[in-house]
$ cat coords_20.txt   # compact mmCIF, C-alpha atoms
# COMPACT_ATOMS: atom_id res chain seq x y z
CA MET J 1 114.63 121.23 84.25
CA ILE J 2 115.17 117.48 84.61
CA ILE J 3 113.26 115.11 86.87
CA ASP J 4 114.47 111.51 87.06
CA SER J 5 111.26 109.70 87.92
CA HIS J 6 112.71 106.23 88.42
CA LEU J 7 115.51 105.92 90.95
CA HIS J 8 116.53 103.30 93.50
CA LEU J 9 118.95 103.58 96.37
CA PRO J 10 122.29 102.09 95.29
CA VAL J 11 123.17 98.67 96.68
CA ASP J 12 126.91 98.73 97.34
CA PHE J 13 127.07 101.07 100.33
CA PRO J 14 126.96 100.19 104.02
CA ASP J 15 123.97 102.17 105.31
CA PHE J 16 121.04 104.26 104.16
CA PRO J 17 122.62 107.69 104.81
CA SER J 18 125.54 106.62 102.58
CA LYS J 19 123.16 105.44 99.88
CA GLU J 20 121.26 108.73 100.07
CA ALA J 21 124.48 110.74 99.75
CA VAL J 22 125.59 108.76 96.69
CA LEU J 23 122.20 109.17 95.01
CA LEU J 24 122.03 112.92 95.65
CA ASN J 25 125.58 113.36 94.40
CA GLU J 26 124.67 111.52 91.19
CA LEU J 27 121.75 113.87 90.59
CA LYS J 28 123.95 116.91 91.19
CA ARG J 29 126.75 115.57 88.97
CA ASN J 30 124.33 115.03 86.08
CA GLY J 31 122.35 118.26 86.47
CA VAL J 32 119.14 116.55 87.59
CA GLU J 33 117.08 118.86 89.80
CA ARG J 34 114.61 116.37 91.29
CA GLY J 35 114.05 112.65 91.53
CA ILE J 36 111.63 109.96 92.61
CA VAL J 37 112.95 107.01 94.59
CA ILE J 38 111.01 103.75 94.35
CA ALA J 39 111.03 101.63 97.49
CA ASP J 40 111.10 97.85 97.49
CA SER J 41 108.00 95.82 98.30
CA GLU J 42 109.98 93.66 100.73
CA LEU J 43 110.05 94.68 104.38
CA GLU J 44 113.84 94.43 104.56
CA SER J 45 115.82 95.42 101.47
CA VAL J 46 119.19 96.83 100.44
CA ILE J 47 117.33 99.35 98.25
CA GLY J 48 115.09 100.34 101.14
CA SER J 49 111.66 99.26 102.28
CA VAL J 50 108.77 101.69 102.12
CA ARG J 51 109.40 102.69 105.71
CA ASP J 52 113.15 103.10 105.11
CA CYS J 53 112.64 105.37 102.12
CA ALA J 54 109.76 107.34 103.61
CA GLU J 55 111.84 108.11 106.70
CA LEU J 56 115.08 108.73 104.82
CA PHE J 57 113.57 111.34 102.50
CA TYR J 58 111.02 112.85 104.87
CA GLY J 59 110.85 116.59 104.21
CA SER J 60 113.18 116.43 101.21
CA GLY J 61 112.64 119.12 98.63
CA ILE J 62 114.50 117.07 96.05
CA ILE J 63 113.37 113.45 96.40
CA SER J 64 109.83 112.09 96.38
CA VAL J 65 109.02 108.47 97.18
CA ILE J 66 106.93 105.74 95.59
CA ALA J 67 105.96 102.81 97.80
CA GLY J 68 106.49 99.27 96.62
CA ILE J 69 103.77 96.92 97.79
CA SER J 70 103.07 93.22 97.42
CA PRO J 71 100.39 90.74 98.49
CA ASN J 72 103.29 88.52 99.59
CA PHE J 73 104.53 90.69 102.47
CA GLU J 74 102.19 91.59 105.35
CA TYR J 75 99.71 92.90 102.82
CA ALA J 76 97.02 94.29 105.11
CA SER J 77 99.42 96.18 107.35
CA GLN J 78 101.37 97.51 104.36
CA LEU J 79 98.15 98.77 102.75
CA ASP J 80 97.33 100.54 106.01
CA TYR J 81 100.81 102.07 106.15
CA CYS J 82 100.59 103.24 102.54
CA ARG J 83 97.24 104.82 103.34
CA GLU J 84 98.89 106.75 106.20
CA LEU J 85 101.66 107.91 103.88
CA LEU J 86 99.21 108.94 101.18
CA GLU J 87 97.08 110.81 103.70
CA SER J 88 100.14 112.77 104.86
CA LYS J 89 101.38 113.22 101.26
CA ARG J 90 104.67 111.45 101.97
CA ILE J 91 104.47 109.20 98.90
CA VAL J 92 103.39 110.01 95.35
CA GLY J 93 102.46 106.57 94.02
CA LEU J 94 102.44 102.81 94.49
CA LYS J 95 104.43 100.16 92.63
CA VAL J 96 103.85 96.44 92.15
CA TYR J 97 106.79 94.35 90.99
CA THR J 98 105.09 92.19 88.38
CA GLY J 99 107.67 89.78 87.00
CA HIS J 100 110.02 90.17 89.94
CA GLU J 101 107.19 88.58 91.91
CA ASN J 102 104.86 85.91 90.60
CA PHE J 103 101.55 87.67 90.09
CA TYR J 104 99.86 89.19 87.05
CA CYS J 105 98.83 92.82 86.84
CA THR J 106 95.24 91.62 86.36
CA ASP J 107 95.21 89.35 89.44
CA SER J 108 92.29 90.07 91.76
CA CYS J 109 94.64 90.15 94.76
CA LEU J 110 95.92 93.54 93.54
CA ALA J 111 92.48 95.17 93.61
CA PRO J 112 93.10 96.78 97.04
CA VAL J 113 96.21 98.50 95.63
CA TYR J 114 94.28 99.85 92.66
CA ASP J 115 91.38 100.94 94.88
CA LEU J 116 93.73 102.77 97.25
CA ALA J 117 95.52 104.51 94.39
CA ALA J 118 92.23 105.60 92.82
CA GLU J 119 90.97 106.91 96.15
CA TYR J 120 94.03 109.16 96.55
CA ASN J 121 94.41 109.85 92.82
CA VAL J 122 97.99 108.60 92.57
CA PRO J 123 99.47 106.33 89.89
CA VAL J 124 100.25 102.63 90.14
CA LEU J 125 103.55 101.59 88.55
CA PHE J 126 104.42 98.21 87.06
CA HIS J 127 107.71 96.54 86.30
CA SER J 128 107.51 95.36 82.69
CA GLY J 129 109.65 93.62 80.10
CA TRP J 130 112.98 91.90 80.70
CA ASP J 131 112.54 88.44 82.24
CA ASN J 132 109.12 87.06 83.17
CA ALA J 133 107.55 89.75 80.99
CA HIS J 134 104.24 87.90 80.71
CA TYR J 135 103.13 89.05 84.18
CA ALA J 136 102.50 92.58 82.88
CA ALA J 137 102.37 92.09 79.12
CA PRO J 138 100.87 95.03 77.19
CA LYS J 139 97.65 93.14 76.37
CA LEU J 140 97.10 92.48 80.09
CA LEU J 141 97.78 96.07 81.06
CA LYS J 142 95.36 97.22 78.35
CA GLU J 143 92.70 94.96 79.83
CA LEU J 144 93.38 96.41 83.28
CA ALA J 145 93.45 100.01 82.08
CA ASP J 146 90.22 99.60 80.15
CA ASN J 147 88.50 98.02 83.15
CA ARG J 148 89.79 100.63 85.59
CA PRO J 149 89.39 104.04 83.92
CA ASP J 150 89.61 105.83 87.29
CA ASN J 151 93.16 104.60 87.80
CA VAL J 152 96.37 106.06 86.38
CA PHE J 153 99.04 103.52 85.50
CA VAL J 154 102.75 103.95 84.73
CA TYR J 155 104.38 101.25 82.63
CA CYS J 156 108.03 101.17 83.70
CA HIS J 157 110.64 100.12 81.11
CA CYS J 158 108.09 100.20 78.23
CA TYR J 159 108.11 96.38 77.96
CA TYR J 160 111.82 96.50 77.11
CA PRO J 161 113.14 95.54 74.61
CA LYS J 162 109.80 95.30 72.74
CA LEU J 163 108.97 99.00 72.79
CA ASP J 164 107.11 98.96 69.46
CA GLU J 165 104.68 96.32 70.74
CA CYS J 166 104.21 98.25 73.97
CA PHE J 167 103.28 101.51 72.24
CA GLU J 168 101.08 99.86 69.62
CA VAL J 169 98.99 97.91 72.13
CA LEU J 170 98.68 100.67 74.74
CA SER J 171 98.35 103.75 72.54
CA SER J 172 94.58 103.86 73.02
CA CYS J 173 94.83 103.71 76.84
CA ASN J 174 94.98 107.34 77.85
CA ASN J 175 95.32 106.42 81.53
CA VAL J 176 98.63 104.64 80.87
CA TYR J 177 101.95 106.52 80.92
CA PHE J 178 105.36 105.27 79.84
CA ASP J 179 108.43 105.45 82.09
CA THR J 180 111.58 105.07 79.99
CA SER J 181 113.85 103.77 82.74
CA SER J 182 116.43 101.10 81.77
CA VAL J 183 115.74 101.34 78.01
CA ALA J 184 119.29 102.56 77.31
CA ASP J 185 120.78 99.53 79.01
CA ASP J 186 122.10 97.80 75.86
CA GLU J 187 124.15 99.96 73.50
CA LYS J 188 123.51 97.59 70.55
CA LEU J 189 119.76 98.19 70.81
CA LEU J 190 119.93 101.97 71.06
CA PRO J 191 119.16 102.74 67.39
CA GLN J 192 115.88 100.81 67.45
CA ILE J 193 115.03 102.10 70.94
CA LYS J 194 115.65 105.67 69.83
CA SER J 195 113.49 105.24 66.73
CA ALA J 196 110.61 103.73 68.69
CA LEU J 197 110.73 106.45 71.33
CA GLU J 198 110.84 109.33 68.85
CA LYS J 199 107.86 108.01 66.90
CA ALA J 200 105.78 107.36 70.01
CA ILE J 201 106.63 110.63 71.75
CA HIS J 202 105.63 112.57 68.62
CA GLU J 203 102.29 110.72 68.66
CA MET J 204 101.70 110.79 72.46
CA PRO J 205 103.80 113.65 73.88
CA LYS J 206 101.84 113.91 77.13
CA ARG J 207 102.37 110.28 78.10
CA PHE J 208 106.16 109.88 78.43
CA ILE J 209 108.15 110.27 81.63
CA PHE J 210 111.94 110.28 81.85
CA GLY J 211 113.56 107.80 84.23
CA SER J 212 116.93 106.11 84.44
CA ASP J 213 116.58 103.21 86.91
CA PHE J 214 119.68 104.53 88.68
CA GLY J 215 120.78 101.99 91.22
CA SER J 216 120.60 99.34 88.49
CA CYS J 217 121.43 101.41 85.38
CA LEU J 218 123.56 104.44 84.57
CA GLN J 219 121.81 107.78 84.82
CA ASN J 220 124.19 109.57 82.43
CA VAL J 221 123.60 106.97 79.70
CA HIS J 222 119.84 107.52 79.91
CA LEU J 223 120.31 111.27 79.88
CA SER J 224 122.45 110.92 76.76
CA LEU J 225 119.72 108.91 75.06
CA ALA J 226 117.12 111.52 76.03
CA GLU J 227 119.30 114.34 74.70
CA SER J 228 119.80 112.50 71.40
CA LEU J 229 116.07 112.22 70.68
CA ASP J 230 114.76 114.42 67.88
CA LEU J 231 112.04 116.23 69.83
CA ASN J 232 110.63 119.72 69.62
CA ALA J 233 110.89 122.03 72.62
CA GLU J 234 107.41 121.26 73.98
CA GLU J 235 107.86 117.50 73.63
CA ARG J 236 111.21 117.66 75.40
CA GLU J 237 109.90 119.72 78.31
CA LEU J 238 106.97 117.36 78.81
CA PHE J 239 109.24 114.32 78.65
CA MET J 240 111.99 115.62 80.92
CA HIS J 241 109.80 117.13 83.64
CA GLY J 242 106.31 118.34 82.71
CA ASN J 243 104.55 114.99 82.54
CA ALA J 244 106.17 113.83 85.78
CA GLU J 245 105.05 116.99 87.55
CA ARG J 246 101.47 116.39 86.41
CA VAL J 247 101.26 112.63 86.96
CA TYR J 248 102.98 112.67 90.35
CA LYS J 249 101.61 116.09 91.39
CA LEU J 250 105.03 117.52 92.13
CA CYS J 251 105.09 121.14 93.25
CA ARG J 252 107.94 123.37 92.13
$ encode --input "coords_20.txt" --output "structure tokens"
Amino acid sequence: MIIDSHLHLPVDFPDFPSKEAVLLNELKRNGVERGIVIADSELESVIGSVRDCAELFYGSGIISVIAGISPNFEYASQLDYCRELLESKRIVGLKVYTGHENFYCTDSCLAPVYDLAAEYNVPVLFHSGWDNAHYAAPKLLKELADNRPDNVFVYCHCYYPKLDECFEVLSSCNNVYFDTSSVADDEKLLPQIKSALEKAIHEMPKRFIFGSDFGSCLQNVHLSLAESLDLNAEERELFMHGNAERVYKLCR
């Protein structure tokens, strides 16, 4: 079984039903049984706002939704809406776009997000790495994770391309999980990415979650990287679906 835990609606299609159809076709084409779509934090977005995604995938047995949220966009009302969605089990986590937006993962303004996630026992996801990586650098996430042991955090992109630093700094934080979306983006870096992932998954097999970042990256390329990893059967099952099922509480 394969769960792609980091998907976005594709941009280059005219309406949300078209985007949904393209995404579901991509999953079917690549043999991916389930997926998690991450909504934007903006209230109007080509990849779908929280409301867009929650309504589009309502009742889906294939796609779950994570809500993007930001202190920059009608924060109080969005927190209330996310609470409604969590209460009705229509979302499985919250994401803050550190780096895409100018706030640090340790900023006090994000405390209501972390409190809400802890109350409903769902993870908070962070954008990491790439440009503006300092907003959710590993040392900051470690500080946050240590100070908030009741929260579960998912570190998207593993601080790409500095995966070794990511795993070294955060290895002691058992409430932090690693989402491998977008790490296969540059073919020239694949040997070092593969080496870093294999070593870390052997050491922390219960903390890695497969994702592709489809919508921005190619799903089949990330699946190829995952298939190439030298993992034992248990490690592979945890990575490709087991850890996602546990962290996001996905029912088969």
$ closest_residue --input "coords_20.txt" --among "J:Phe16, J:Lys95, J:Phe57, J:Tyr81" --to "Asp40 (chain J)" --atoms "all atoms listed in the file"
J:Lys95
$ residues_around --input "coords_20.txt" --residues "His134 (chain J)" --least-positions-apart "3" --cutoff "9 Å" --atoms "all atoms listed in the file" --output "VMD selection string"
chain J and resid 98 to 99 104 128 to 129 131 137 to 138 140
$ residues_near_point --input "coords_20.txt" --point "(107.4, 101.4, 71.4)" --cutoff "7 Å" --atoms "all atoms listed in the file" --output "CSV table (one decimal) with C-alpha atoms, in the coordinates of the input"
chain,number,residue,atom,x,y,z
J,158,CYS,CA,108.1,100.2,78.2
J,162,LYS,CA,109.8,95.3,72.7
J,163,LEU,CA,109.0,99.0,72.8
J,164,ASP,CA,107.1,99.0,69.5
J,165,GLU,CA,104.7,96.3,70.7
J,166,CYS,CA,104.2,98.2,74.0
J,167,PHE,CA,103.3,101.5,72.2
J,168,GLU,CA,101.1,99.9,69.6
J,196,ALA,CA,110.6,103.7,68.7
J,197,LEU,CA,110.7,106.4,71.3
J,200,ALA,CA,105.8,107.4,70.0
$ atom_distance --input "coords_20.txt" --atom1 "CA of Ile2 (chain J)" --atom2 "CA of Glu33 (chain J)"
5.7 Å
$ atom_distance --input "coords_20.txt" --atom1 "CA of Lys19 (chain J)" --atom2 "CA of Asp4 (chain J)"
16.6 Å
$ decode --input "coords_20.txt" --residues "region 51-89 of chain J" --atoms "N, CA and C atoms" --output "compact mmCIF listing (two decimals), in the first residue's frame"
# COMPACT_ATOMS: atom_id res chain seq x y z
N ARG J 51 -11.34 25.99 2.94
CA ARG J 51 -12.74 25.74 2.63
C ARG J 51 -12.89 25.03 1.28
N ASP J 52 -12.14 25.48 0.28
CA ASP J 52 -12.20 24.83 -1.04
C ASP J 52 -11.88 23.34 -0.93
N CYS J 53 -10.78 23.03 -0.26
CA CYS J 53 -10.34 21.63 -0.18
C CYS J 53 -11.26 20.79 0.69
N ALA J 54 -11.72 21.37 1.80
CA ALA J 54 -12.61 20.63 2.69
C ALA J 54 -13.91 20.28 1.98
N GLU J 55 -14.42 21.20 1.18
CA GLU J 55 -15.66 20.95 0.45
C GLU J 55 -15.44 20.02 -0.73
N LEU J 56 -14.32 20.19 -1.42
CA LEU J 56 -14.04 19.38 -2.61
C LEU J 56 -13.90 17.91 -2.26
N PHE J 57 -13.27 17.61 -1.13
CA PHE J 57 -12.98 16.22 -0.79
C PHE J 57 -13.86 15.69 0.34
N TYR J 58 -14.95 16.39 0.62
CA TYR J 58 -15.86 15.94 1.67
C TYR J 58 -16.39 14.55 1.35
N GLY J 59 -16.23 13.63 2.29
CA GLY J 59 -16.72 12.27 2.11
C GLY J 59 -15.84 11.38 1.26
N SER J 60 -14.68 11.88 0.81
CA SER J 60 -13.80 11.07 -0.01
C SER J 60 -13.20 9.93 0.80
N GLY J 61 -13.17 8.77 0.21
CA GLY J 61 -12.49 7.65 0.86
C GLY J 61 -11.04 7.53 0.45
N ILE J 62 -10.60 8.44 -0.41
CA ILE J 62 -9.24 8.39 -0.93
C ILE J 62 -8.38 9.54 -0.42
N ILE J 63 -8.95 10.74 -0.38
CA ILE J 63 -8.20 11.94 -0.04
C ILE J 63 -8.61 12.48 1.32
N SER J 64 -7.62 12.72 2.17
CA SER J 64 -7.80 13.47 3.41
C SER J 64 -7.22 14.86 3.20
N VAL J 65 -7.54 15.78 4.11
CA VAL J 65 -7.16 17.18 3.94
C VAL J 65 -6.44 17.69 5.18
N ILE J 66 -5.39 18.47 4.93
CA ILE J 66 -4.71 19.23 5.98
C ILE J 66 -4.98 20.71 5.71
N ALA J 67 -5.32 21.44 6.75
CA ALA J 67 -5.64 22.86 6.61
C ALA J 67 -4.40 23.72 6.76
N GLY J 68 -4.17 24.58 5.79
CA GLY J 68 -3.16 25.61 5.96
C GLY J 68 -3.75 26.75 6.77
N ILE J 69 -2.93 27.35 7.62
CA ILE J 69 -3.43 28.45 8.45
C ILE J 69 -2.30 29.44 8.70
N SER J 70 -2.67 30.70 8.81
CA SER J 70 -1.68 31.77 8.95
C SER J 70 -2.23 32.89 9.81
N PRO J 71 -1.38 33.49 10.66
CA PRO J 71 -1.81 34.67 11.40
C PRO J 71 -2.04 35.88 10.51
N ASN J 72 -1.70 35.77 9.23
CA ASN J 72 -1.83 36.90 8.31
C ASN J 72 -3.19 36.99 7.62
N PHE J 73 -4.03 35.96 7.76
CA PHE J 73 -5.28 35.92 7.00
C PHE J 73 -6.47 35.57 7.90
N GLU J 74 -7.17 36.59 8.38
CA GLU J 74 -8.38 36.39 9.18
C GLU J 74 -8.18 35.28 10.22
N TYR J 75 -7.17 35.47 11.03
CA TYR J 75 -6.66 34.41 11.91
C TYR J 75 -7.74 33.84 12.83
N ALA J 76 -8.45 34.71 13.53
CA ALA J 76 -9.43 34.23 14.51
C ALA J 76 -10.52 33.41 13.85
N SER J 77 -11.03 33.91 12.72
CA SER J 77 -12.12 33.17 12.07
C SER J 77 -11.61 31.86 11.46
N GLN J 78 -10.37 31.86 10.97
CA GLN J 78 -9.80 30.63 10.42
C GLN J 78 -9.53 29.60 11.51
N LEU J 79 -9.11 30.05 12.68
CA LEU J 79 -8.95 29.12 13.81
C LEU J 79 -10.29 28.50 14.18
N ASP J 80 -11.33 29.33 14.19
CA ASP J 80 -12.67 28.81 14.50
C ASP J 80 -13.12 27.80 13.45
N TYR J 81 -12.85 28.10 12.18
CA TYR J 81 -13.26 27.18 11.12
C TYR J 81 -12.49 25.86 11.20
N CYS J 82 -11.19 25.96 11.50
CA CYS J 82 -10.40 24.73 11.66
C CYS J 82 -10.89 23.91 12.83
N ARG J 83 -11.31 24.58 13.89
CA ARG J 83 -11.89 23.85 15.03
C ARG J 83 -13.14 23.09 14.60
N GLU J 84 -14.00 23.73 13.81
CA GLU J 84 -15.20 23.06 13.30
C GLU J 84 -14.83 21.82 12.49
N LEU J 85 -13.82 21.99 11.63
CA LEU J 85 -13.40 20.87 10.78
C LEU J 85 -12.77 19.75 11.58
N LEU J 86 -12.01 20.10 12.60
CA LEU J 86 -11.43 19.08 13.46
C LEU J 86 -12.51 18.36 14.26
N GLU J 87 -13.47 19.10 14.73
CA GLU J 87 -14.56 18.51 15.52
C GLU J 87 -15.34 17.49 14.68
N SER J 88 -15.52 17.80 13.40
CA SER J 88 -16.27 16.90 12.51
C SER J 88 -15.36 15.92 11.76
N LYS J 89 -14.07 15.93 12.11
CA LYS J 89 -13.08 15.00 11.54
C LYS J 89 -12.96 15.15 10.02
